[in-house]
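Let me begin by presenting the structure, written as structure tokens, before commenting on it.
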Amino acid sequence: MAGRRLVPRRPLGGHGTAPARIAASALRTRRGPDIIVPVFLPTPIPDAAASPGATRGAALARAACAVCGRRLGAGLGRCRNPLCASASRWFDWNLAIAERRGPLGARLDAYKYRGASLWAASFGRMLAGFLAERGLLEGFDLVLASPTFVGEGGRDRDHVGAILRAARDCLPEEHAHRLDVADPPAVVKTGPTPRLAGRAGPERRRIAEELIRPLLRVPDPGRTRRRRLLVVDDVFTDGRTLDEVARALRLQGGARQVCGVSLLRQPWRGGASGDGRRARPLPG
Ligand SMILES: [Zn+2]
């Protein structure tokens with residue numbers, strides 16, 4: 001890994017914008033642990049300003065779900081994730097930078113579960129590069145961390161917030177100010193909740209609605225009212241956590257739009273194709 005640069009070695013294609021190129025250039029000057037940023041990403045590229053219909057059409061043309069970005073299996077016209085087809089979903093879509101597998105997945109696990117806190121800098125630069133390359137910093141008013149409860153029964157640190165702060169340090173001020181590093185942040189979780197990882201879909205939904213939902217607070221709705229918000233999280237599995245965060249930001253915070261970006265997306269058991277009735281995320 002030594003000596004590898006953050007900035008992709010190949011052109012970014014047609015999705016880069018002038019501000020994005022400025023941001024990417026700024027990233028070159030930063031020091032710290034290096035990580036390779038995936039360049040050709042197996043996700044749709046929704047335009048925050050585009051109509052949902054146009055976004056869906058463009059994504060289906062790539063045979064990927066317009067909501068979660070997963071590849072649709074051969075012959076499947078819709079995603080196996082129930083939330084993607086839900087009319088009551090609170091977020092529009094989620095982009096994942098990469099699949100949760102291989103060395104990148106192992107490093108995120110070490111960061112998240114085994115105290116490898118120095119990886120925040122690398123994941124932050126990975127996030128900053130992705131936000132800049134996809135033009136997402138122009139499409140949203142505020143980029144915020146999915147909330148973590150730090151304290152008894154919860155985590156020992158705000159691991160997603162640390163990634164967001166590291167990303168902010170990589171960006172020029174014209175974009176950095178959109179990343180929420182306020183205290184308290186735009187949305188907070190006021191108590192510990194069971195982990196969703198490794199649980200089946202119905203149980204994940206129950207925990208999200210009954211246990212996570214009551215603990216989410218938007219301390220200052222003035223920061224989110226009528227704003228377009230992008231929620232950053234480490235892993236996207238089925239979107240239950242993002243949906244609850246989006247619900248709080250819409251109902252309590254008055255947000256106009258909520259979308260998500262995750263570092264990694266949990267692969268589905270059995271790959272892209274298969275029987276939707278058996279669909280469930282891999283434990284993680
Ligand atoms: Zn989907």
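Ordering of the structure tokens sets the chain letters (A, B, ...); residue numbers start at 1 within each chain; ligands are numbered from 1 in the order shown.
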
Q) Which residues form the shell of 10 Å around ligand 1 when you count only C-alpha atoms and all ligand atoms, given as a PyMOL selection string? A) chain A and resi 64-72+78-85+93-94+237-239

Q: From the DSSP assignment of the backbone, select every residue of region 116-284 of chain A that is strand (DSSP E), and format the answer as an MDAnalysis selection string.
A: chainID A and resid 142:145 188:189 216:217 228:236 257:265

Q: Just the alpha helix (DSSP H) stuff from region 122-236 of chain A, please, per backbone DSSP, written as a ChimeraX atom specification.
A: /A:122-133,136-139,159-170,173-176,201-207

**Q.** Exercise: Val187 (chain A) partners within 7 Å, only C-alpha atoms, chain neighbours under 5 positions left out, as a ChimeraX atom specification
**A.** /A:147,216-219

Selection above as a file: C-alpha atoms, as a PDB file, in the first residue's frame:
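As written to disk, part_23.pdb reads:
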ATOM      1  CA  PRO A 147     -25.797   8.802  14.435  1.00  0.00           C
ATOM      2  CA  LEU A 216     -33.463   9.537  17.233  1.00  0.00           C
ATOM      3  CA  ARG A 217     -33.565  13.277  17.795  1.00  0.00           C
ATOM      4  CA  VAL A 218     -32.987  16.308  15.591  1.00  0.00           C
ATOM      5  CA  PRO A 219     -31.665  18.909  18.068  1.00  0.00           C
TER       6      PRO A 219
END

Q | Nearest candidate to Val188 (chain A) (options A:Leu136, A:Val245, A:Leu211, A:Ala162; using only C-alpha atoms) | A |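 The answer is A:Val245, which sits nearest to Val188 (chain A).
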
Q | Shell of 8 Å around Asp243 (chain A), only C-alpha atoms, local chain residues under 3 positions omitted, as a list in words | A |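 Everything that qualifies: Arg89, Trp90, Phe91, Gly239, Arg240, Ala246 and Arg247 of chain A.
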